[in-house]
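Notes follow the structure.
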Amino acid sequence: MAEEVKLFRNWSSPFALRVVWALQLKGVPYDTIYEDLSEKSSLLLHYNPIHKKVPVLVHNEKPLAESLVILEYIEETWKQTPLFPEDPYERSTARFWARFGDDQLLHSVFNVFIKQGKEQEEAIARAQGNLKYLEEELRGKKFFSGEKIGFLDLAFGWVANLVSVFEEIQGLTLIEHEKYPLLLAWIQNFIDAPIIKESWPPRDKLITKYRARIEFYSSKEAAKK
Amino acid sequence: MAEEVKVFRTWSSPFAFRVVWALQFKGVPYENIYEDLSEKSSLLLHYNPIHKKVPVLVHNGKPLAESLVILEYIEETWKQTPLFPEDPYERATARFWARFGDDQVLPSVFGVFIKQGKEREEAIVTAHGNLKYLEEELRGKKFFSGEKIGFLDLAFGWVANLVSVFEEIQGLTLIDHEKYPLLLAWIQNFMDDPIIKESWPPRDKLITKYQALLGSFIPKEAAEK
């Protein structure tokens, strides 16, 4: 039976990019279906009725949602170019950090760029506390996964992809050179990797998109007072 | 090298029970270290500095936190009595539902029992919307994992463990017989399993504990109006 792999995504979602990069790194052919999230296709809603989000991977008609779950599935289904560590303890540690990234780090970083005044100061302290764990994880390593890009690098891809965009929009540096030399080096190495670079969303479009989004959430925050 | 497995837990944490049950199913000997979360031991803080929570599994000196991550580690390390499905797609689906349980179902159910008035009505609608997926997942199956208890049943263990306790405290039935016959049957089958039954927190202690916990929310909720 011929393999049929489809990926529902949009042009910018960092969660969808994880899946794109994983498939590219493993050389798995797939079809891309771009969604306009303001007008979701009936097919997307059929395949992901619970969350109604991208990415959705459809493999031989069987749909899967949630990017980290999809990455595990890709690893188990296409065994070439392993993305996860071999050792079970290291694999679990990678899973732990990926969840930390999505559950704690992401919100704490976004908050820095939408809050103001004293709340912003507190948000910065929290985000930097979280980021320092990433800096420590990189000690002695080029990538979070070691010598080569792997699961955890893909999971943290949004850090490379979006933080500098937020920083430019708000004129505020969060990932400072003195505090995060390893993280900044990782960002550069990640962006420069050929497979990653190939599927990188255009920066100017990201700036436009997130300027609007940050303004929207900033005014919501301001209205709460 | 002799195996050394320790579980940092409390007497009641449903997340810690997932780990306890998994180890029991696989017949892995381990030591319980009970924590008082109002006065965490320095060892717990050393092993789980980021979240400072239970459960923590320590295997031959190496700590792991986050119960779902720990379950994956247990499965990969002790291969007897597999808890995960064999098929990668079914495995991915189980992982998806476990995350849905923790990210959506749990907060929505808890919301029902700590909110009041109109907010409670809305919370009930949300919780039912989520619970109906569990009812559908059980169609044609005794357990979420099939004929025998597995990963996803352990992940949903809190439903069997706590919902009836909340219902009794608040005098409010959420999982009713007409809407959720399969879920109620699952709860009974789960609780009756010998291994699960062996490690079940005492109901009267749960009622006392959650009476106090739910009670602490109500004044706060009322004050916010």
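As shown in the structure tokens, the chain order sets the letters A, B, ...; within each chain, residues go from 1, and ligands are also counted from 1 in the order they appear.
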Select, as a ChimeraX atom specification, those residues of chain B with any atom no more than 10 Å from chain A (distances computed using only C-alpha atoms). /B:50-51,59,62-77,87-96,99-100,103,129-130,133
10 Å contact set for Leu134 in chain B, only C-alpha atoms, chain neighbours under 2 positions out, as a ChimeraX atom specification: /B:97,101,105,128-132,136-139,144,156,180,182-183
Same residues, all heavy atoms, saved as a compact mmCIF listing (two decimals), in the first residue's frame:
# COMPACT_ATOMS: atom_id res chain seq x y z
N TRP B 97 -5.34 11.29 24.16
CA TRP B 97 -6.43 11.31 25.15
C TRP B 97 -5.92 11.60 26.56
O TRP B 97 -6.57 12.28 27.34
CB TRP B 97 -7.20 10.00 25.14
CG TRP B 97 -8.09 9.87 23.95
CD1 TRP B 97 -8.03 8.91 22.97
CD2 TRP B 97 -9.18 10.73 23.57
NE1 TRP B 97 -9.00 9.13 22.03
CE2 TRP B 97 -9.72 10.23 22.38
CE3 TRP B 97 -9.75 11.88 24.15
CZ2 TRP B 97 -10.80 10.83 21.73
CZ3 TRP B 97 -10.83 12.47 23.51
CH2 TRP B 97 -11.34 11.95 22.31
N GLY B 101 -7.14 14.65 28.79
CA GLY B 101 -7.61 14.46 30.16
C GLY B 101 -7.01 15.47 31.11
O GLY B 101 -7.71 16.14 31.87
N VAL B 105 -10.09 18.00 30.50
CA VAL B 105 -11.16 17.38 31.29
C VAL B 105 -11.01 17.71 32.77
O VAL B 105 -11.96 18.15 33.43
CB VAL B 105 -11.19 15.84 31.10
CG1 VAL B 105 -12.43 15.27 31.77
CG2 VAL B 105 -11.17 15.47 29.63
N HIS B 128 -19.39 18.50 30.61
CA HIS B 128 -20.15 17.48 29.87
C HIS B 128 -19.63 17.33 28.45
O HIS B 128 -19.54 16.23 27.91
CB HIS B 128 -21.64 17.82 29.85
CG HIS B 128 -22.37 17.43 31.10
ND1 HIS B 128 -22.24 16.19 31.69
CD2 HIS B 128 -23.25 18.12 31.87
CE1 HIS B 128 -23.01 16.13 32.78
NE2 HIS B 128 -23.63 17.29 32.91
N GLY B 129 -19.31 18.48 27.84
CA GLY B 129 -18.76 18.44 26.49
C GLY B 129 -17.50 17.59 26.43
O GLY B 129 -17.28 16.84 25.47
N ASN B 130 -16.69 17.69 27.48
CA ASN B 130 -15.45 16.90 27.52
C ASN B 130 -15.70 15.45 27.88
O ASN B 130 -15.15 14.53 27.28
CB ASN B 130 -14.49 17.52 28.54
CG ASN B 130 -13.93 18.84 28.07
OD1 ASN B 130 -13.82 19.08 26.87
ND2 ASN B 130 -13.56 19.70 29.01
N LEU B 131 -16.56 15.22 28.88
CA LEU B 131 -16.80 13.86 29.36
C LEU B 131 -17.44 12.98 28.29
O LEU B 131 -17.22 11.77 28.26
CB LEU B 131 -17.70 13.89 30.60
CG LEU B 131 -17.01 14.36 31.88
CD1 LEU B 131 -18.05 14.65 32.97
CD2 LEU B 131 -16.01 13.31 32.38
N LYS B 132 -18.20 13.61 27.40
CA LYS B 132 -18.87 12.79 26.38
C LYS B 132 -17.86 12.10 25.48
O LYS B 132 -18.11 11.01 24.96
CB LYS B 132 -19.87 13.66 25.60
CG LYS B 132 -19.40 14.16 24.27
CD LYS B 132 -20.57 14.76 23.48
CE LYS B 132 -20.09 15.22 22.10
NZ LYS B 132 -19.30 16.49 22.13
N GLU B 136 -17.68 8.09 24.59
CA GLU B 136 -17.57 7.55 23.23
C GLU B 136 -16.37 6.63 23.10
O GLU B 136 -16.43 5.62 22.40
CB GLU B 136 -17.46 8.70 22.22
CG GLU B 136 -18.80 9.30 21.84
CD GLU B 136 -18.66 10.63 21.11
OE1 GLU B 136 -17.62 10.87 20.47
OE2 GLU B 136 -19.62 11.44 21.20
N GLU B 137 -15.26 6.99 23.74
CA GLU B 137 -14.04 6.18 23.65
C GLU B 137 -14.23 4.79 24.23
O GLU B 137 -13.49 3.87 23.90
CB GLU B 137 -12.89 6.86 24.41
CG GLU B 137 -12.04 7.78 23.57
CD GLU B 137 -11.54 7.13 22.30
OE1 GLU B 137 -10.65 6.25 22.37
OE2 GLU B 137 -12.04 7.47 21.21
N LEU B 138 -15.21 4.66 25.13
CA LEU B 138 -15.43 3.37 25.79
C LEU B 138 -16.34 2.43 25.00
O LEU B 138 -16.49 1.27 25.37
CB LEU B 138 -16.01 3.58 27.19
CG LEU B 138 -15.00 4.03 28.23
CD1 LEU B 138 -15.71 4.48 29.51
CD2 LEU B 138 -14.02 2.91 28.56
N ARG B 139 -16.86 2.92 23.90
CA ARG B 139 -17.81 2.09 23.15
C ARG B 139 -17.16 0.79 22.72
O ARG B 139 -16.09 0.79 22.10
CB ARG B 139 -18.34 2.85 21.94
CG ARG B 139 -19.76 2.44 21.57
CD ARG B 139 -20.33 3.28 20.45
NE ARG B 139 -20.31 4.70 20.76
CZ ARG B 139 -20.55 5.66 19.86
NH1 ARG B 139 -20.84 5.33 18.62
NH2 ARG B 139 -20.51 6.93 20.20
N PHE B 144 -10.47 1.65 28.74
CA PHE B 144 -9.99 2.52 27.67
C PHE B 144 -8.93 1.80 26.85
O PHE B 144 -8.79 2.00 25.66
CB PHE B 144 -9.41 3.82 28.23
CG PHE B 144 -10.46 4.75 28.76
CD1 PHE B 144 -10.66 4.87 30.13
CD2 PHE B 144 -11.27 5.48 27.90
CE1 PHE B 144 -11.64 5.73 30.63
CE2 PHE B 144 -12.25 6.34 28.39
CZ PHE B 144 -12.45 6.45 29.75
N PHE B 156 -6.69 8.16 33.40
CA PHE B 156 -8.03 8.64 33.77
C PHE B 156 -8.44 8.20 35.18
O PHE B 156 -9.57 8.40 35.60
CB PHE B 156 -9.08 8.18 32.77
CG PHE B 156 -9.09 8.98 31.50
CD1 PHE B 156 -9.11 8.35 30.27
CD2 PHE B 156 -9.10 10.36 31.54
CE1 PHE B 156 -9.12 9.10 29.08
CE2 PHE B 156 -9.11 11.12 30.36
CZ PHE B 156 -9.12 10.48 29.14
N TYR B 180 -23.94 8.71 30.96
CA TYR B 180 -22.63 8.05 31.03
C TYR B 180 -22.67 6.62 31.55
O TYR B 180 -21.93 6.27 32.47
CB TYR B 180 -21.68 8.88 31.91
CG TYR B 180 -21.54 10.31 31.46
CD1 TYR B 180 -22.17 11.34 32.16
CD2 TYR B 180 -20.81 10.64 30.32
CE1 TYR B 180 -22.07 12.66 31.73
CE2 TYR B 180 -20.70 11.96 29.89
CZ TYR B 180 -21.34 12.95 30.60
OH TYR B 180 -21.24 14.25 30.17
N LEU B 182 -21.49 3.90 30.16
CA LEU B 182 -20.22 3.21 29.94
C LEU B 182 -19.15 3.72 30.91
O LEU B 182 -18.35 2.94 31.45
CB LEU B 182 -19.75 3.40 28.49
CG LEU B 182 -20.69 2.87 27.42
CD1 LEU B 182 -20.13 3.16 26.03
CD2 LEU B 182 -20.93 1.38 27.58
N LEU B 183 -19.14 5.02 31.12
CA LEU B 183 -18.13 5.60 32.02
C LEU B 183 -18.35 5.11 33.44
O LEU B 183 -17.39 4.77 34.15
CB LEU B 183 -18.19 7.13 31.94
CG LEU B 183 -17.06 7.92 32.62
CD1 LEU B 183 -15.70 7.44 32.16
CD2 LEU B 183 -17.23 9.41 32.34
Using only C-alpha atoms, find each residue of range 73-134 of chain A with at least one atom at most 9 Å away from an atom of range 141-156 of chain A; report its shortest atom-to-atom pair and that distance in Å (one decimal), sort the rows by chain and rising residue number, and return the result as JSON lines.
{"residue": "A:Pro82", "atom": "CA", "partner": "A:Gly150", "partner_atom": "CA", "distance": 7.7}
{"residue": "A:Leu83", "atom": "CA", "partner": "A:Gly150", "partner_atom": "CA", "distance": 4.3}
{"residue": "A:Phe84", "atom": "CA", "partner": "A:Phe151", "partner_atom": "CA", "distance": 5.6}
{"residue": "A:Pro85", "atom": "CA", "partner": "A:Ser145", "partner_atom": "CA", "distance": 7.4}
{"residue": "A:Ala94", "atom": "CA", "partner": "A:Leu152", "partner_atom": "CA", "distance": 5.9}
{"residue": "A:Arg95", "atom": "CA", "partner": "A:Leu152", "partner_atom": "CA", "distance": 7.7}
{"residue": "A:Trp97", "atom": "CA", "partner": "A:Leu152", "partner_atom": "CA", "distance": 7.4}
{"residue": "A:Ala98", "atom": "CA", "partner": "A:Ala155", "partner_atom": "CA", "distance": 5.8}
{"residue": "A:Arg99", "atom": "CA", "partner": "A:Ala155", "partner_atom": "CA", "distance": 8.8}
{"residue": "A:Gly101", "atom": "CA", "partner": "A:Phe156", "partner_atom": "CA", "distance": 6.9}
{"residue": "A:Asp102", "atom": "CA", "partner": "A:Ala155", "partner_atom": "CA", "distance": 8.3}
{"residue": "A:Leu134", "atom": "CA", "partner": "A:Phe144", "partner_atom": "CA", "distance": 8.5}
For Phe151 in chain B: contacts at 8 Å, only C-alpha atoms, fewer than 4 positions along chain excluded, given as a PyMOL selection string: chain B and resi 22+71+83-84+94+145+155
